[in-house]
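Here the structure comes first, spelled out in structure tokens, and everything after it is commentary.
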Amino acid sequence: MATKLLSLTCIRKERFSERYPLVRKHLTRSRDGGGSSSETAAFEMDDAISRAVFQVLGMTCSACAGSVEKAIKRLPGIHEAVIDALNNRAQILFYSKSVDVETIRETIEDAGFEASLIENEANERSKQVCRIRINGMTCTSCSSTIERVLQSVNGVQRAHVALAIEEAEIHYDPRLLSYDKLLEEIENAGFEAVLISTGEDVSKIDLKIDGELTDESMEIIERSLEALPGVQSVEISHGTDKISVLYKPDVTGPRNFIQVIESTVFGHSGHIKATIFSEGGVGRESQKQGEIKQYYKSFLWSLVFTVPVFLTAMVFMYIPGIKDLLMFKVINMLTIGEIIRCVLATPVQFIIGWRFYTGSYKAIRRGSANMDVLIALGTNAAYFYSLYTVLRAATSPDFKGVDFFETSAMLISFIILGKYLEVMAKGKTSQAIAKLMNLAPDTAILLTLDKEGNVTGEEEIDGRLIQKNDVIKIVPGAKVASDGYVIWGQSHVNESMITGEARPVAKRKGDTVIGGTLNENGVLHVKVTRVGSESALAQIVRLVESAQLAKAPVQKLADRISKFFVPLVIFLSFSTWLAWFLAGKLHWYPESWIPSSMDSFELALQFGISVMVIACPCALGLATPTAVMVGTGVGASQGVLIKGGQALERAHKVNCIVFDKTGTLTMGKPVVVKTKLLKNMVLREFYELVAATEVNSEHPLAKAIVEYAKKFRDDEENPAWPEARDFVSITGKGVKSTVKGREIMVGNKNLMNDHKVFIPVDAEELLADSEDMAQTGILVSINSELIGVLSVSDPLKPSAREAISILKSMNIKSIMVTGDNWGTANSIAREVGIDSVIAEAKPEQKAEKVKELQAAGHVVAMVGDGINDSPALVAADVGMAIGAGTDIAIEAADIVLMKSNLEDVITAIDLSRKTFSRIRLNYVWALGYNLMGIPIAAGVLFPATRFRLPPWIAGAAMAASSVSVVCCSLLLKNYKRPKKLDHLEIREIQVERV
């Protein structure tokens with residue numbers, strides 16, 4: 001399973017349908033692949049060929065698609081054009097020296113259709129993904145603004161900005177711009193940008209040098225490192241003595257760099273020591289902790305000034321003696337109490353609240369408005385009106401006015417408290433990633449081996465210094481330090497922290513292990529195969545992070561609302577003040593409504609400020625991403641990797657699931673159960689010829705035959721089979737080759753009929769008997785004469801029948817689509833309880849069946865594990881890949897089921913339903929809060945009840961709305977999968993033990 005997950009993110013993360021290869025197709029063979037296809041499709045793109053994807057509107061049928069294709073192919077330099085009328089897409093491969101994308105677009109429009117460019121790339125190197133941490137965002141208005149800024153930059157292909165985790169993922173063309181330009185654009189928009197990673201940093205390490213160094217010695221180090229095989233670039237940061245090395249992990253590693261540095265400099269500048277550079281708090285978690293501390297410190301300081309302001313305005317004025325002291329007039333009508341409140345409120349307004357001024361300035365400068373604008377307007381209105389009353393009181397002998405210093409100070413204090421609570425709560429939504437990242441052990445035991453493979457020494461090293469092909473020792477109770485395979489020892493490894501699988505997995509020589517898992521009861525010697533960013537753990541973390549960066553379609557609602565929300569609130573606030581002010585001046589309400597401590601203007605001002613500060617766009621912006629973050633984190637902890645909000649949103653609507661058979665409903669480990677020779681022949685010789693042919697195929701049935709053939713070669717662990725010439729794989733039918741001068745064909749009836757091989761009656765009966773017993777019959781011919789019939793059985797997964805039954809109880813229809821023959825397919829379907837079956841289906845036919853179901857109104861999920869399932873996984877609304885399947889299937893899918901258990905299909909759908917239920921609740925709360933809060937703050941209840949909402953209470957309520965939405969999302973952390981599944985898993989464990 002682990003080896004199949006290691007390349008989860010090696011291929012780009014776009015939907016497979018948008019990047020489905022339209023280039024030369026090469027059929028390659030693999031001896032270690034899984035899946036249920038007899039071929040591995042490897043695609044290769046010529047460096048000179050560019051690729052463009054257009055959206056073409058107006059196509060209604062295949063005739064339209066044909067006319068578009070003809071028009072494009074008339075252009076010079078077109079390599080290939082594929083038009084998809086169903087999805088309104090045109091994908092074109094062209095030579096950029098002969099034609100450009102604009103010419104192609106104009107040609108499509110000249111043909112009578114509307115065309116817009118979706119994607120344009122010259123080759124793999126023309127696209128890079130950059131991740132940037134963005135500090136200073138307060139609401140969706142900020143994130144939307146940054147997205148607009150980035151997408152306007154020439155060379156940026158796509159940009160996603162996630163408010164909840166304060167990060168941006170940018171796809172850009174490195175030939176047109178660098179990540180420095182992206183950082184500069186974000187900074188110019190008024191936000192702080194910190195680079196997290198670029199496409200170049202896949203194999204990069206930072207080293208720190210301790211010791212006295214000269215410029216000459218640093219140059220020597222740089223030249224020595226650059227001379228190492230596998231080192232691509234070296235960058236020295238002067239002043240910090242930090243060296244960044246970009247390298248190929250297959251060739252070299254950090255231990256080599258340290259050795260070269262220390263041996264090179266010795267004798268030039270004295271002895272020095274090189275270590276891995278510690279970022280010292282640049283990571284996301286430490287940055288989040290720093291932000292929490294900053295808000296906490298600001299809140300404490302605001303309390304120091306705000307509490308006395310509140311006491312002098314609200315409490316001490318009712319205590320005899322203290323009241324007289326506070327009301328003592330210093331100059332004209334200016335009292336001691338007003339002076340104290342003015343002095344104490346000023347640092348809160350302009351020092352502690354300075355962040356709101358800077359945030360407002362940056363927002364207004366870029367032509368937008370955010371939460372900072374509302375807070376700055378509200379607090380400024382209260383503070384400067386209060387300052388006006390103080391100045392009037394000091395210069396007038398008869399002025400009577402009331403100050404609102406406590407309003408501005410308490411507003412800022414409560415808002416900072418709310419941000420503090422919100423940041424703490426948001427930090428908890430990403431705990432799943434933090435836990436995954438902390439799984440890797442700090443140290444490892446490195447073994448030294450002699451030429452015969454005997455251990456000659458061991459050394460404890462930093463876990464980050466492990467290199468590919470190292471041999472490490474894993475003692476009982478220790479974590480596996482890196483991905484690899486066992487070369488000595490036996491043990492059980494707990495992989496639940498990676499796969500969610502609760503049962504310890506037995507490991508012996510040849511078995512793979514995953515870095516971060518726990519060795520339980522034996523000593524293992526492991527040869528390292530993948531390190532650093534290539535490891536399964538690192539790629540799972542990257543997958544979850546990418547999922548949290550992706551926006552769910554439902555979030556578009558919040559983005560649209562937030563675009564107009566703040567200007568609307570400002571308008572409503574001004575209208576509220578004006579309405580109450582005019583009503584007071586024109587005596588539309590009795591003077592008895594006005595509190596004794598203020599006049600009609602001040603009453604209107606309080607209503608206006610309350611409206612301004614109670615309306616918070618933050619809750620809307622956090623409703624979807626926080627729930628998606630928690631949902632994807634919970635899924636990862638249970639072995640269900642969900643690739644973002646779109647997959648979550650589609651999964652909760654699924655009402656039809658299409659299952660592949662081999663490796664999905666069945667164990668995917670077929671075995672030969674019966675052999676019948678129709679001619680006189682030695683069984684050993686027969687299987688030698690068959691195995692020599694099948695060893696070139698990666699189909700599970702071929703592997704089963706080869707494994708069975710090894711029984712006739714007991715003297716060899718890995719026997720060398722005779723050479724097979726002219727090997728050909730016929731998709732969905734079988735294989736043929738020439739072995740020892742004889743033509744060998746191994747496959748189904750269709751293969752034999754195509755080559756006019758006569759199938760006798762007794763062979764037909766054997767095939768029928770195999771199909772009745774849910775077995776696959778395989779025919780073998782030598783020199784066009786049928787020689788034998790093999791029966792191969794692939795047992796059902798223990799949970800298959802009950803999983804299908806549970807799906808039926810959830811009103812989800814199940815269909816099986818397989819490339820196997822009809823007899824075997826029907827037998828398997830009856831056994832698991834599936835009524836609808838499609839057999840002998842080629843890969844494209846599986847995808848066509850999915851599209852037929854979608855056209856009939858179904859929301860379709862496809863569950864598969866093979867390369868030939870990839871088109872169907874892409875065509876489906878939700879593609880679910882079995883974790884033990886092939887890398888291409890995993891990459892094409894929206895959801896990866898790491899445990900390869902069918903019950904996780906139910907978990908994925910149930911989790912998505914629970915997550916979207918939480919998102920709806922968040923929206924109801926966020927929108928309902930504003931719809932109810934704004935009228936109350938505007939004084940709708942005041943005429944009847946004399947109830948009014950003071951601005952500082954409105955500010956506290958505003959802060960509470962964001963915190964409540966985040967806490968509502970955090971309740972998803974308590975998700976429990978349906979109880980039926982726990983019973984199903986217990987039964988599966990019992991069956992496996994038996």
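Convention: chains lettered A, B, ... in structure tokens order; per-chain residue numbering from 1; ligands numbered from 1 as shown.
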Considering only C-alpha atoms, return as a list in words whatever protein or nucleic-acid residues lie within 9 Å of Ala841 in chain A, sequence-local ones (same chain, fewer than 3 positions apart) excluded.
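Here the answer would be Gly732, Val817, Thr818, Gly819, Asp820, Asn821, Ile838, Glu844, Gln845 and Lys846 of chain A.
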Residue subset to file, keeping N, CA, C and O atoms, as a PDB file, in the first residue's frame:
ATOM      1  N   GLY A 732      -8.051  -6.131 -22.697  1.00  0.00           N
ATOM      2  CA  GLY A 732      -9.322  -6.808 -22.468  1.00  0.00           C
ATOM      3  C   GLY A 732      -9.406  -8.209 -23.014  1.00  0.00           C
ATOM      4  O   GLY A 732     -10.451  -8.857 -22.914  1.00  0.00           O
ATOM      5  N   VAL A 817     -18.938  -2.797 -12.843  1.00  0.00           N
ATOM      6  CA  VAL A 817     -18.423  -2.743 -14.214  1.00  0.00           C
ATOM      7  C   VAL A 817     -17.050  -3.390 -14.217  1.00  0.00           C
ATOM      8  O   VAL A 817     -16.171  -2.995 -13.446  1.00  0.00           O
ATOM      9  N   THR A 818     -16.858  -4.385 -15.073  1.00  0.00           N
ATOM     10  CA  THR A 818     -15.600  -5.126 -15.063  1.00  0.00           C
ATOM     11  C   THR A 818     -15.194  -5.536 -16.471  1.00  0.00           C
ATOM     12  O   THR A 818     -16.044  -5.640 -17.365  1.00  0.00           O
ATOM     13  N   GLY A 819     -13.937  -5.773 -16.655  1.00  0.00           N
ATOM     14  CA  GLY A 819     -13.443  -6.284 -17.928  1.00  0.00           C
ATOM     15  C   GLY A 819     -13.508  -7.792 -18.008  1.00  0.00           C
ATOM     16  O   GLY A 819     -13.198  -8.390 -19.047  1.00  0.00           O
ATOM     17  N   ASP A 820     -13.902  -8.443 -16.910  1.00  0.00           N
ATOM     18  CA  ASP A 820     -13.976  -9.902 -16.870  1.00  0.00           C
ATOM     19  C   ASP A 820     -15.179 -10.393 -17.679  1.00  0.00           C
ATOM     20  O   ASP A 820     -16.047  -9.608 -18.077  1.00  0.00           O
ATOM     21  N   ASN A 821     -15.263 -11.725 -17.861  1.00  0.00           N
ATOM     22  CA  ASN A 821     -16.345 -12.287 -18.670  1.00  0.00           C
ATOM     23  C   ASN A 821     -17.682 -12.217 -17.927  1.00  0.00           C
ATOM     24  O   ASN A 821     -17.741 -12.048 -16.702  1.00  0.00           O
ATOM     25  N   ILE A 838     -22.118  -4.762 -15.716  1.00  0.00           N
ATOM     26  CA  ILE A 838     -21.578  -4.568 -17.068  1.00  0.00           C
ATOM     27  C   ILE A 838     -20.262  -5.336 -17.112  1.00  0.00           C
ATOM     28  O   ILE A 838     -19.351  -5.062 -16.337  1.00  0.00           O
ATOM     29  N   GLU A 844     -12.591   2.646 -21.870  1.00  0.00           N
ATOM     30  CA  GLU A 844     -13.451   3.736 -22.350  1.00  0.00           C
ATOM     31  C   GLU A 844     -14.927   3.413 -22.172  1.00  0.00           C
ATOM     32  O   GLU A 844     -15.751   4.323 -22.004  1.00  0.00           O
ATOM     33  N   GLN A 845     -15.261   2.106 -22.170  1.00  0.00           N
ATOM     34  CA  GLN A 845     -16.658   1.724 -21.961  1.00  0.00           C
ATOM     35  C   GLN A 845     -17.089   1.949 -20.509  1.00  0.00           C
ATOM     36  O   GLN A 845     -18.241   2.272 -20.242  1.00  0.00           O
ATOM     37  N   LYS A 846     -16.141   1.783 -19.581  1.00  0.00           N
ATOM     38  CA  LYS A 846     -16.448   2.089 -18.176  1.00  0.00           C
ATOM     39  C   LYS A 846     -16.783   3.569 -18.026  1.00  0.00           C
ATOM     40  O   LYS A 846     -17.739   3.949 -17.331  1.00  0.00           O
TER      41      LYS A 846
END
Expected answer as number ranges by chain: alpha helix (DSSP H) residues in range 774-986 of chain A
A: 800-809, 822-832, 843-855, 870-875, 887-892, 903-937, 942-945, 951-970, 979-986
When distances are computed from only C-alpha atoms, which of A:Val924, A:Leu300, A:Met333, A:Leu446 shows the smallest separation from Leu391 in chain A?
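Selected residue with least distance to Leu391 in chain A: A:Met333.
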